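A.B. asks: Just so it is clear, I am handing over data.txt, which has compact mmCIF, C-alpha atoms.
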# COMPACT_ATOMS: atom_id res chain seq x y z
CA MET A 1 0.38 -3.79 -44.77
CA MET A 2 3.08 -1.35 -43.66
CA GLU A 3 3.24 0.11 -47.19
CA GLU A 4 -0.52 0.47 -47.37
CA SER A 5 -2.82 2.06 -44.83
CA LEU A 6 -5.26 -0.25 -43.08
CA GLU A 7 -8.07 2.19 -43.92
CA LYS A 8 -7.35 1.88 -47.63
CA ILE A 9 -7.27 -1.92 -47.53
CA LEU A 10 -10.48 -2.08 -45.50
CA ALA A 11 -12.23 0.27 -47.90
CA GLU A 12 -11.21 -1.94 -50.82
CA ALA A 13 -12.15 -5.14 -48.99
CA ASN A 14 -15.59 -3.79 -48.04
CA GLU A 15 -16.25 -2.68 -51.62
CA LEU A 16 -15.21 -6.02 -53.12
CA ILE A 17 -17.24 -8.01 -50.60
CA ASP A 18 -20.29 -5.83 -51.23
CA ARG A 19 -19.91 -6.61 -54.96
CA ASP A 20 -19.41 -10.32 -54.15
CA ASP A 21 -16.22 -10.27 -56.24
CA LEU A 22 -14.62 -13.49 -54.98
CA LYS A 23 -11.60 -13.44 -57.27
CA ALA A 24 -10.73 -9.84 -56.39
CA VAL A 25 -11.03 -10.51 -52.65
CA VAL A 26 -8.73 -13.52 -52.99
CA LEU A 27 -6.19 -11.43 -54.90
CA LEU A 28 -6.36 -8.79 -52.18
CA ILE A 29 -5.41 -11.19 -49.38
CA GLU A 30 -3.62 -14.17 -50.95
CA ASP A 31 -0.04 -12.92 -50.48
CA ARG A 32 -0.51 -11.34 -47.10
CA HIS A 33 0.85 -12.56 -43.77
CA PRO A 34 -1.71 -14.29 -41.49
CA VAL A 35 -1.27 -11.49 -38.95
CA GLU A 36 -2.24 -8.90 -41.59
CA ILE A 37 -5.24 -10.95 -42.68
CA ALA A 38 -6.32 -11.26 -39.04
CA GLU A 39 -6.07 -7.48 -38.64
CA ILE A 40 -8.26 -6.96 -41.70
CA ILE A 41 -10.83 -9.48 -40.41
CA ASP A 42 -10.94 -7.83 -36.97
CA HIS A 43 -12.02 -4.53 -38.54
CA LEU A 44 -14.81 -5.95 -40.73
CA GLU A 45 -18.48 -6.34 -39.89
CA GLU A 46 -19.47 -9.76 -38.56
CA ASN A 47 -20.98 -11.15 -41.77
CA LYS A 48 -18.01 -9.89 -43.80
CA LYS A 49 -15.58 -11.56 -41.40
CA ARG A 50 -17.15 -14.92 -42.19
CA TYR A 51 -17.24 -14.15 -45.91
CA LEU A 52 -13.51 -13.38 -46.06
CA PHE A 53 -12.49 -16.21 -43.76
CA GLN A 54 -14.23 -18.87 -45.84
CA LEU A 55 -12.06 -17.87 -48.83
CA LEU A 56 -8.83 -18.80 -47.03
CA ASP A 57 -7.15 -22.14 -47.70
CA LEU A 58 -6.85 -24.51 -44.74
CA LYS A 59 -3.30 -23.62 -43.68
CA LEU A 60 -3.86 -19.88 -43.96
CA ALA A 61 -7.18 -20.19 -42.15
CA ALA A 62 -5.50 -22.08 -39.32
CA ASP A 63 -2.79 -19.44 -38.96
CA ALA A 64 -5.21 -16.50 -39.20
CA LEU A 65 -7.66 -18.04 -36.71
CA GLN A 66 -4.91 -17.99 -34.07
CA GLU A 67 -4.24 -14.29 -34.69
CA VAL A 68 -7.73 -12.79 -34.78
CA SER A 69 -9.26 -11.22 -31.69
CA ASP A 70 -11.36 -13.32 -29.32
CA LEU A 71 -14.49 -11.55 -30.51
CA SER A 72 -13.75 -12.25 -34.19
CA ARG A 73 -12.94 -15.87 -33.41
CA ASP A 74 -16.27 -16.35 -31.64
CA GLN A 75 -18.14 -14.75 -34.53
CA ILE A 76 -16.35 -16.86 -37.15
CA LEU A 77 -16.67 -20.17 -35.29
CA GLY A 78 -20.30 -19.57 -34.41
CA GLU A 79 -21.52 -20.21 -37.98
CA MET A 80 -18.78 -22.51 -39.27
CA GLU A 81 -19.53 -26.09 -40.29
CA VAL A 82 -17.88 -28.55 -37.89
CA SER A 83 -16.40 -30.49 -40.81
CA ARG A 84 -14.65 -27.36 -42.08
CA LEU A 85 -13.42 -26.51 -38.58
CA ALA A 86 -12.05 -30.04 -38.15
CA GLU A 87 -9.98 -29.61 -41.32
CA ILE A 88 -8.61 -26.30 -40.01
CA VAL A 89 -7.81 -27.73 -36.57
CA ASP A 90 -5.93 -30.56 -38.28
CA GLN A 91 -3.47 -27.92 -39.57
CA MET A 92 -2.69 -26.56 -36.09
CA ALA A 93 -0.15 -27.45 -33.42
CA SER A 94 -1.76 -29.38 -30.58
CA ASP A 95 -1.72 -26.51 -28.08
CA ASP A 96 -3.40 -24.10 -30.53
CA ALA A 97 -5.92 -26.75 -31.55
CA ALA A 98 -6.75 -27.42 -27.88
CA ASP A 99 -7.39 -23.69 -27.35
CA ILE A 100 -9.91 -23.67 -30.22
CA VAL A 101 -11.65 -26.88 -29.14
CA GLY A 102 -11.77 -25.70 -25.52
CA GLU A 103 -13.84 -22.67 -26.55
CA LEU A 104 -16.51 -24.77 -28.28
CA PRO A 105 -19.73 -26.01 -26.64
CA SER A 106 -19.19 -29.59 -25.40
CA LYS A 107 -21.52 -31.18 -27.98
CA ARG A 108 -19.83 -29.37 -30.86
CA ALA A 109 -16.37 -30.19 -29.48
CA GLU A 110 -17.17 -33.92 -29.35
CA GLU A 111 -18.50 -33.82 -32.90
CA LEU A 112 -15.24 -32.22 -34.03
CA MET A 113 -13.20 -34.83 -32.14
CA SER A 114 -14.97 -37.58 -34.04
CA LEU A 115 -13.92 -36.02 -37.36
CA ILE A 116 -10.17 -35.75 -36.69
CA GLY A 117 -7.61 -38.53 -36.35
CA ALA A 118 -7.79 -40.75 -33.27
CA GLU A 119 -4.22 -39.90 -32.25
CA GLN A 120 -4.79 -36.16 -32.53
CA ALA A 121 -8.11 -36.42 -30.68
CA GLN A 122 -6.39 -38.28 -27.84
CA GLU A 123 -3.70 -35.59 -27.62
CA LEU A 124 -6.33 -32.85 -27.49
CA ARG A 125 -8.28 -34.63 -24.74
CA GLN A 126 -5.07 -34.95 -22.72
CA LEU A 127 -4.34 -31.24 -23.09
CA LEU A 128 -7.91 -30.22 -22.26
CA ARG A 129 -7.69 -32.04 -18.91
CA TYR A 130 -5.14 -29.51 -17.66
CA ASP A 131 -6.05 -26.13 -16.21
CA GLU A 132 -5.92 -23.66 -19.08
CA GLU A 133 -3.58 -21.37 -17.12
CA SER A 134 -1.12 -24.12 -16.16
CA ALA A 135 1.99 -25.40 -17.93
CA GLY A 136 -0.01 -28.39 -19.14
CA GLY A 137 -2.70 -26.11 -20.50
CA ILE A 138 -0.33 -24.06 -22.68
CA MET A 139 2.15 -26.76 -23.73
CA THR A 140 2.30 -28.41 -27.14
CA LYS A 141 2.67 -32.14 -27.67
CA GLU A 142 4.95 -31.57 -30.68
CA PHE A 143 8.53 -32.00 -29.49
CA VAL A 144 11.66 -33.91 -30.48
CA SER A 145 13.04 -36.53 -28.10
CA VAL A 146 15.52 -39.37 -28.53
CA PRO A 147 16.47 -42.25 -26.22
CA GLU A 148 19.64 -41.81 -24.21
CA ASP A 149 21.28 -44.87 -25.78
CA ALA A 150 20.77 -43.56 -29.35
CA THR A 151 23.73 -42.52 -31.47
CA VAL A 152 24.10 -39.12 -33.13
CA GLN A 153 23.29 -40.67 -36.51
CA GLU A 154 20.17 -42.38 -35.14
CA ALA A 155 19.07 -39.06 -33.64
CA ILE A 156 19.53 -37.33 -37.02
CA ASP A 157 17.50 -40.02 -38.78
CA GLN A 158 14.70 -39.74 -36.21
CA ILE A 159 14.55 -35.96 -36.53
CA ARG A 160 14.32 -36.20 -40.33
CA THR A 161 11.34 -38.53 -40.12
CA THR A 162 9.41 -36.83 -37.31
CA VAL A 163 9.89 -33.08 -37.77
CA ASP A 164 7.74 -31.26 -40.32
CA HIS A 165 9.46 -28.89 -42.71
CA GLY A 166 9.37 -25.36 -41.31
CA GLU A 167 8.82 -26.52 -37.72
CA ALA A 168 11.15 -24.75 -35.30
CA VAL A 169 13.36 -27.15 -33.33
CA TYR A 170 14.73 -25.26 -30.32
CA ALA A 171 16.08 -28.25 -28.42
CA ILE A 172 16.27 -32.01 -28.60
CA TYR A 173 15.31 -33.80 -25.41
CA VAL A 174 16.78 -37.07 -24.17
CA THR A 175 14.72 -39.61 -22.26
CA ASP A 176 15.40 -42.94 -20.57
CA LYS A 177 13.49 -46.15 -21.20
CA ARG A 178 10.61 -44.99 -18.98
CA GLY A 179 10.25 -41.70 -20.85
CA VAL A 180 11.77 -39.70 -18.00
CA LEU A 181 13.58 -36.55 -19.12
CA VAL A 182 17.32 -36.95 -18.48
CA GLY A 183 18.98 -34.37 -20.73
CA VAL A 184 18.87 -31.88 -23.59
CA PHE A 185 21.10 -30.77 -26.42
CA ALA A 186 20.98 -28.26 -29.26
CA LEU A 187 20.60 -29.21 -32.92
CA PRO A 188 24.10 -27.99 -33.97
CA GLN A 189 25.68 -30.56 -31.64
CA LEU A 190 24.55 -33.33 -34.01
CA VAL A 191 26.69 -31.81 -36.73
CA LEU A 192 29.69 -31.19 -34.50
CA ASN A 193 29.94 -34.75 -33.16
CA ARG A 194 30.78 -38.11 -34.74
CA PRO A 195 27.84 -40.20 -36.03
CA GLU A 196 28.67 -43.11 -33.70
CA GLU A 197 28.78 -40.91 -30.57
CA LYS A 198 26.05 -41.61 -28.01
CA VAL A 199 23.69 -38.72 -27.33
CA SER A 200 24.14 -39.40 -23.61
CA GLN A 201 27.74 -38.23 -24.06
CA ILE A 202 26.87 -34.90 -25.70
CA MET A 203 23.71 -33.98 -23.80
CA ASN A 204 23.43 -31.51 -20.95
CA ALA A 205 22.07 -33.44 -17.97
CA ASP A 206 21.31 -30.25 -16.06
CA VAL A 207 18.05 -29.60 -17.91
CA VAL A 208 15.51 -27.04 -16.71
CA SER A 209 11.92 -28.29 -16.82
CA VAL A 210 8.51 -27.35 -15.40
CA PRO A 211 5.73 -29.57 -14.02
CA THR A 212 2.35 -29.74 -15.74
CA ASP A 213 0.57 -28.04 -12.82
CA MET A 214 2.86 -24.98 -12.62
CA ASP A 215 0.99 -21.69 -13.12
CA GLN A 216 1.65 -20.09 -16.50
CA GLU A 217 3.00 -16.91 -14.86
CA GLU A 218 5.61 -18.99 -13.03
CA VAL A 219 6.48 -20.71 -16.32
CA ALA A 220 7.09 -17.29 -17.88
CA GLY A 221 9.37 -16.49 -14.95
CA VAL A 222 11.38 -19.68 -15.50
CA VAL A 223 11.81 -18.96 -19.23
CA GLU A 224 12.93 -15.40 -18.46
CA LYS A 225 15.25 -16.43 -15.62
CA TYR A 226 17.12 -19.07 -17.63
CA ASP A 227 16.79 -17.25 -20.99
CA LEU A 228 15.21 -20.25 -22.73
CA ALA A 229 13.75 -20.51 -26.22
CA SER A 230 11.63 -23.45 -25.04
CA VAL A 231 11.12 -25.36 -21.82
CA PRO A 232 10.15 -29.05 -21.46
CA VAL A 233 7.10 -30.03 -19.42
CA VAL A 234 7.16 -33.15 -17.23
CA ASP A 235 4.55 -35.06 -15.26
CA ARG A 236 4.73 -35.97 -11.58
CA VAL A 237 7.31 -38.72 -12.11
CA GLY A 238 9.45 -36.68 -14.50
CA ARG A 239 8.21 -38.13 -17.82
CA LEU A 240 8.46 -35.75 -20.76
CA VAL A 241 4.93 -34.86 -21.90
CA GLY A 242 5.31 -31.61 -23.85
CA ARG A 243 7.15 -28.35 -24.36
CA ILE A 244 6.38 -24.64 -24.09
CA THR A 245 7.96 -22.26 -26.60
CA VAL A 246 8.89 -18.64 -26.13
CA ASP A 247 6.02 -17.43 -28.36
CA ASP A 248 3.56 -19.11 -25.96
CA VAL A 249 5.28 -17.34 -23.07
CA VAL A 250 4.89 -13.98 -24.82
CA ASP A 251 1.16 -14.69 -25.19
CA VAL A 252 0.99 -15.52 -21.47
CA ILE A 253 2.70 -12.26 -20.52
CA MET A 254 0.32 -10.23 -22.68
CA ASP A 255 -2.76 -12.08 -21.42
CA GLU A 256 -1.76 -11.73 -17.77
CA ALA A 257 -0.96 -8.04 -18.22
CA SER A 258 -4.35 -7.47 -19.86
CA GLU A 259 -6.11 -9.42 -17.11
CA ASP A 260 -4.34 -7.51 -14.33
CA ILE A 261 -5.10 -4.14 -15.91
CA SER A 262 -8.76 -5.10 -16.23
CA LYS A 263 -8.92 -6.22 -12.61
CA MET A 264 -7.22 -3.04 -11.44
CA ALA A 265 -9.99 -1.13 -13.21
CA GLY A 266 -12.59 -3.28 -11.46
CA THR A 267 -13.73 -5.15 -14.56
CA THR A 268 -12.72 -8.18 -16.69
CA ASP A 269 -11.49 -9.03 -20.18
CA GLN A 270 -14.90 -10.63 -20.84
CA GLU A 271 -16.34 -7.17 -21.51
CA ILE A 272 -14.50 -6.95 -24.82
CA ARG A 273 -16.36 -10.03 -26.04
CA GLN A 274 -19.78 -8.98 -24.73
CA ASP A 275 -22.46 -7.05 -26.59
CA SER A 276 -25.12 -7.21 -23.86
CA ALA A 277 -25.31 -4.04 -21.76
CA LEU A 278 -26.92 -6.09 -18.96
CA ARG A 279 -24.06 -8.61 -18.96
CA ILE A 280 -21.38 -5.88 -18.97
CA ALA A 281 -23.14 -4.05 -16.15
CA SER A 282 -23.21 -7.25 -14.08
CA LEU A 283 -19.44 -7.65 -14.53
CA ARG A 284 -18.72 -4.11 -13.34
CA LEU A 285 -21.39 -3.82 -10.67
CA PRO A 286 -19.61 -5.64 -7.76
CA TRP A 287 -16.72 -3.20 -7.90
CA ILE A 288 -18.99 -0.21 -8.33
CA ILE A 289 -20.94 -1.38 -5.25
CA ILE A 290 -17.66 -1.37 -3.30
CA SER A 291 -17.06 2.23 -4.38
CA LEU A 292 -20.66 3.11 -3.49
CA LEU A 293 -20.27 1.62 0.00
CA GLY A 294 -17.03 3.54 0.38
CA GLY A 295 -18.83 6.75 -0.53
CA ILE A 296 -21.59 6.04 2.01
CA ILE A 297 -19.03 5.34 4.73
CA SER A 298 -17.14 8.52 3.82
CA GLY A 299 -20.38 10.49 4.04
CA THR A 300 -21.05 8.97 7.47
CA ILE A 301 -17.60 10.03 8.64
CA ILE A 302 -18.15 13.60 7.45
CA SER A 303 -21.55 13.66 9.18
CA HIS A 304 -19.96 12.40 12.41
CA PHE A 305 -17.51 15.30 12.37
CA ARG A 306 -20.11 17.95 11.52
CA ILE A 307 -19.30 19.86 14.71
CA ALA A 308 -15.70 20.29 13.57
CA LEU A 309 -16.96 21.44 10.18
CA GLY A 310 -19.25 23.92 11.89
CA SER A 311 -16.34 25.30 13.88
CA LEU A 312 -14.14 25.70 10.80
CA LEU A 313 -16.21 25.51 7.61
CA ALA A 314 -13.13 25.90 5.41
CA LEU A 315 -12.21 22.31 6.32
CA ALA A 316 -14.80 21.20 3.75
CA PHE A 317 -12.91 22.94 0.96
CA PHE A 318 -10.00 20.53 1.23
CA ILE A 319 -11.87 17.20 1.54
CA PRO A 320 -11.54 16.43 -2.22
CA VAL A 321 -7.80 17.17 -2.11
CA ILE A 322 -7.15 14.87 0.85
CA THR A 323 -9.16 11.94 -0.55
CA ALA A 324 -7.88 12.31 -4.12
CA MET A 325 -4.21 12.45 -3.10
CA GLY A 326 -4.55 9.47 -0.79
CA GLY A 327 -6.30 7.44 -3.51
CA ASN A 328 -3.74 8.35 -6.17
CA ILE A 329 -0.75 7.50 -3.99
CA GLY A 330 -2.36 4.20 -2.95
CA ILE A 331 -3.02 3.24 -6.56
CA GLN A 332 0.58 4.05 -7.52
CA SER A 333 2.02 1.90 -4.72
CA SER A 334 -0.33 -1.03 -5.31
CA ALA A 335 0.24 -0.96 -9.08
CA ILE A 336 4.01 -1.16 -8.59
CA VAL A 337 3.68 -4.03 -6.11
CA VAL A 338 1.17 -5.95 -8.28
CA ARG A 339 3.48 -5.65 -11.27
CA GLY A 340 6.49 -6.69 -9.18
CA LEU A 341 4.65 -9.75 -7.86
CA ALA A 342 3.59 -10.72 -11.40
CA THR A 343 7.12 -10.43 -12.81
CA GLY A 344 8.83 -12.02 -9.79
CA GLU A 345 10.78 -8.85 -8.97
CA ILE A 346 8.96 -8.62 -5.63
CA GLY A 347 8.63 -11.65 -3.37
CA LEU A 348 7.12 -12.42 0.03
CA LEU A 349 10.46 -12.89 1.82
CA ARG A 350 11.16 -9.22 2.53
CA VAL A 351 7.71 -7.81 3.18
CA ALA A 352 8.84 -5.55 6.04
CA ARG A 353 11.57 -4.05 3.88
CA ARG A 354 9.12 -3.35 1.03
CA LEU A 355 6.60 -1.72 3.41
CA PHE A 356 9.32 0.38 5.05
CA ARG A 357 10.46 1.52 1.60
CA GLU A 358 6.95 2.56 0.56
CA ALA A 359 6.38 4.29 3.91
CA ARG A 360 9.57 6.34 3.43
CA ILE A 361 8.51 7.26 -0.11
CA GLY A 362 5.05 8.22 1.17
CA LEU A 363 6.55 10.29 3.97
CA LEU A 364 8.78 12.18 1.55
CA MET A 365 5.90 12.90 -0.83
CA GLY A 366 3.68 13.74 2.13
CA VAL A 367 6.09 16.35 3.42
CA ILE A 368 6.25 18.04 0.01
CA CYS A 369 2.53 17.84 -0.79
CA GLY A 370 1.44 18.53 2.80
CA GLY A 371 3.68 21.57 3.06
CA THR A 372 2.40 22.86 -0.26
CA VAL A 373 -1.32 22.43 0.45
CA GLY A 374 -0.90 23.71 4.02
CA LEU A 375 0.70 26.89 2.71
CA VAL A 376 -2.08 27.27 0.13
CA ALA A 377 -4.73 26.82 2.86
CA PHE A 378 -3.07 29.45 5.07
CA VAL A 379 -2.67 32.03 2.26
CA TRP A 380 -6.12 31.40 0.79
CA GLN A 381 -8.11 31.48 4.03
CA GLY A 382 -5.71 33.54 6.14
CA ASN A 383 -5.94 30.96 8.94
CA PRO A 384 -2.68 29.39 10.19
CA LEU A 385 -4.61 26.68 12.11
CA LEU A 386 -6.29 25.54 8.91
CA GLY A 387 -2.91 25.37 7.22
CA VAL A 388 -1.51 23.18 10.01
CA ILE A 389 -4.55 20.85 9.96
CA VAL A 390 -4.63 20.43 6.18
CA GLY A 391 -0.84 20.07 5.83
CA SER A 392 -0.56 17.53 8.68
CA ALA A 393 -3.53 15.53 7.38
CA MET A 394 -2.10 15.45 3.88
CA LEU A 395 1.29 14.24 5.17
CA SER A 396 -0.31 11.49 7.27
CA ALA A 397 -2.84 10.41 4.61
CA ILE A 398 -0.19 10.07 1.89
CA THR A 399 2.17 8.12 4.14
CA VAL A 400 -0.58 5.71 5.18
CA ALA A 401 -1.89 5.39 1.60
CA ALA A 402 1.56 4.48 0.23
CA THR A 403 1.99 1.84 2.94
CA MET A 404 -1.53 0.44 2.50
CA GLY A 405 -1.13 0.35 -1.28
CA ALA A 406 1.86 -1.95 -0.85
CA LEU A 407 0.50 -3.97 2.07
CA VAL A 408 -2.86 -5.08 0.67
CA PRO A 409 -1.52 -6.79 -2.51
CA LEU A 410 1.17 -8.54 -0.44
CA LEU A 411 -1.46 -9.83 2.00
CA PHE A 412 -3.66 -11.06 -0.85
CA LYS A 413 -0.69 -12.83 -2.42
CA LYS A 414 0.11 -14.45 0.94
CA ILE A 415 -3.36 -16.00 1.16
CA ASN A 416 -3.29 -17.09 -2.51
CA ILE A 417 -5.72 -14.48 -3.86
CA ASP A 418 -4.80 -12.71 -7.09
CA PRO A 419 -3.31 -9.40 -5.84
CA ALA A 420 -4.62 -7.50 -8.86
CA ILE A 421 -8.09 -7.52 -7.31
CA ALA A 422 -6.79 -5.44 -4.37
CA THR A 423 -6.32 -2.38 -6.54
CA GLY A 424 -8.70 0.05 -8.24
CA PRO A 425 -11.96 0.69 -6.38
CA PHE A 426 -10.89 -1.31 -3.30
CA VAL A 427 -7.68 0.62 -2.60
CA THR A 428 -9.29 3.96 -3.48
CA MET A 429 -12.21 3.29 -1.12
CA THR A 430 -9.93 2.25 1.74
CA ASN A 431 -7.69 5.28 1.41
CA ASP A 432 -10.69 7.64 1.16
CA ILE A 433 -12.02 6.35 4.46
CA VAL A 434 -8.64 6.37 6.21
CA GLY A 435 -7.80 9.81 4.78
CA LEU A 436 -11.05 11.32 6.11
CA PHE A 437 -10.54 9.79 9.56
CA ILE A 438 -7.04 11.25 9.69
CA TYR A 439 -8.19 14.65 8.41
CA PHE A 440 -11.11 15.16 10.77
CA GLY A 441 -9.41 13.38 13.66
CA LEU A 442 -6.52 15.84 13.50
CA ALA A 443 -8.96 18.72 13.09
CA VAL A 444 -10.88 17.77 16.24
CA VAL A 445 -7.71 17.25 18.30
CA LEU A 446 -6.09 20.52 17.19
CA LEU A 447 -9.30 22.54 17.56
CA LYS A 448 -9.65 21.27 21.14
CA LEU A 449 -6.01 21.94 21.98
CA LEU A 450 -6.04 25.42 20.52
CA GLY A 451 -9.63 26.27 21.22
Hey, can you dump this file as structure tokens for me?

C.D. replies:
Amino acid sequence: MMEESLEKILAEANELIDRDDLKAVVLLIEDRHPVEIAEIIDHLEENKKRYLFQLLDLKLAADALQEVSDLSRDQILGEMEVSRLAEIVDQMASDDAADIVGELPSKRAEELMSLIGAEQAQELRQLLRYDEESAGGIMTKEFVSVPEDATVQEAIDQIRTTVDHGEAVYAIYVTDKRGVLVGVFALPQLVLNRPEEKVSQIMNADVVSVPTDMDQEEVAGVVEKYDLASVPVVDRVGRLVGRITVDDVVDVIMDEASEDISKMAGTTDQEIRQDSALRIASLRLPWIIISLLGGIISGTIISHFRIALGSLLALAFFIPVITAMGGNIGIQSSAIVVRGLATGEIGLLRVARRLFREARIGLLMGVICGGTVGLVAFVWQGNPLLGVIVGSAMLSAITVAATMGALVPLLFKKINIDPAIATGPFVTMTNDIVGLFIYFGLAVVLLKLLG
């Protein structure tokens, strides 16, 4: 794909599909990587997506189905025969298969379960019981474990009989007779030790694991902290039930980042998969209503201070500057804190220190911006009092906005609400209201003192 432009490939694919030239379409895609095929599918019209997908063999279809966008996956699965889908699911790792089955209507999912092997169906039902954003929800049931009393040679024999060719083996886990995880060792250690050596003698007993109910973001933090290629998942009594690989963690990071960005904009990832204008509007409307209420409150504040405006009409000229700067600074602070909370770089143990830091940053920016806009107000209108009011209000509004932008996400995190929802329209609205109170409050005080 790198050697050819996507536009050229799509043009050729569209032409061949329009001519119903099956052999030529197969030749076009047969040697391509599943990721490249998924990219082609994502850029085709809905009926052509299904046309191309049905030409893929089972293994390639399974790999490509995991790579296509959510919208393309919904469109492809919507018209696919359950028997065909069951054959494709049979080619997938258990965690990927569970993701596909979990997206199906319950009746269709049960029909698919009846068409696959009993053992695989049981594994999928076990995985589907977990929250989809927990360690149990993203783990795979395919892992290599050996009993602690096994020898190196017995471990080698077991690996040869249980691991599929091409399957990545990051670690070999050791369990006791109850299935409790007691250790881990790397594949090369089997080669470096004598065949009669017990695995309990070569394993690392200090194994890092995660419980099934741990949130997927916390799992990503564990993998990053300990620099792991995979992490074992255990149940409440420590029994080994699955593993999470680094590629799953990368998917989690991307999904969470996308989700947080959407929430900060006051919307959701569901919009990408929606065609209905009514449905999309309903997803955005709650946040737009918040902004609308903020605007009404701001208008009420301005109306309340109409006497001050009448005394110094030029105050109105700088309302957009005060509100915009406060909103921008608040968004910056909250975005940094939300990201820090998501990555684990910011915790809840030093809240006062974080707030003090943001307040100092806000004060510094407020002095610079306030001094600048105050000077502009004085030169433009020739009124030193206006310059003092605007400059002081800007300094105060920016300092408060920076502090509020950091405080609100931390408070939401403290009460177990996703802090990403505290940003966007909510923070902007809050800082608009606070900024106007500060601006007109200072104006009234100074006008009285100097009037």

A.B. asks: Given the point (-4.5, -22.2, -52.6) in the coordinates of this file, which residues lie within 12 Å, counting only C-alpha atoms, and how would they look as a ChimeraX atom specification?

C.D. replies: /A:26-27,29-31,55-61

A.B. asks: What's around Leu181 of chain A at 8 Å? Count all atoms listed in the file, leave out sequence neighbours fewer than 2 positions away in its own chain, and write the answer as a list in words.

C.D. replies: Tyr173, Val174, Thr175, Asp176, Gly179, Gly183, Val234, Gly238, Arg239 and Leu240 of chain A

A.B. asks: Neighbours of Ala24 of chain A within 10 Å (all atoms listed in the file; same-chain residues fewer than 6 positions away dropped), as a tab-separated table (two decimals) with C-alpha atoms, in the frame of the given file?

C.D. replies:
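Output file result-v8.tsv follows:
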chain	number	residue	atom	x	y	z
A	12	GLU	CA	-11.21	-1.94	-50.82
A	13	ALA	CA	-12.15	-5.14	-48.99
A	16	LEU	CA	-15.21	-6.02	-53.12
A	17	ILE	CA	-17.24	-8.01	-50.60
A	30	GLU	CA	-3.62	-14.17	-50.95

A.B. asks: Could you state the separation of atom CA of Val182 of chain A and atom CA of Ile253 of chain A in Å, given to one decimal place?

C.D. replies: 28.8 Å

A.B. asks: Using atom CA of Val219 of chain A and atom CA of Val233 of chain A as the two end points, give the distance in Å to one decimal.

C.D. replies: 9.8 Å

A.B. asks: Which residues are near Ala98 of chain A? Cut-off 7 Å, only C-alpha atoms, ignore same chain within fewer than 2 positions. Put them as a count of residues only.

C.D. replies: 9

A.B. asks: What is the distance between atom CA of Tyr226 of chain A and atom CA of Tyr170 of chain A, in Å to one decimal?

C.D. replies: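 Computed distance, atom CA of Tyr226 of chain A to atom CA of Tyr170 of chain A, equals 14.3 Å.
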
A.B. asks: When you count only C-alpha atoms, which of these residues is closest to Leu293 of chain A: A:Gly340, A:Thr430, A:Val367, A:Ala324?

C.D. replies: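 Selected residue with least distance to Leu293 of chain A: A:Thr430.
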
A.B. asks: Quick one: everything within 8 Å of segment 351-359 of chain A, counting all atoms listed in the file, minus sequence neighbours fewer than 6 positions away in the same chain. Send it as a PyMOL selection string.

C.D. replies: chain A and resi 333+399-400+402-403+406-407+410

A.B. asks: Which residues are near Pro188 of chain A? Cut-off 12 Å, all atoms listed in the file, ignore same chain within fewer than 3 positions. Put them as a list in words.

C.D. replies: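 The residues that qualify are Val152, Ile156, Val169, Tyr170, Ala171, Ile172, Phe185, Val191, Leu192, Asn193, Ile202 and Met203 of chain A.
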
A.B. asks: Nearest residue to Glu133 of chain A out of A:Glu197, A:Asp42, A:Asp255, A:Asp247, using only C-alpha atoms?

C.D. replies: A:Asp255
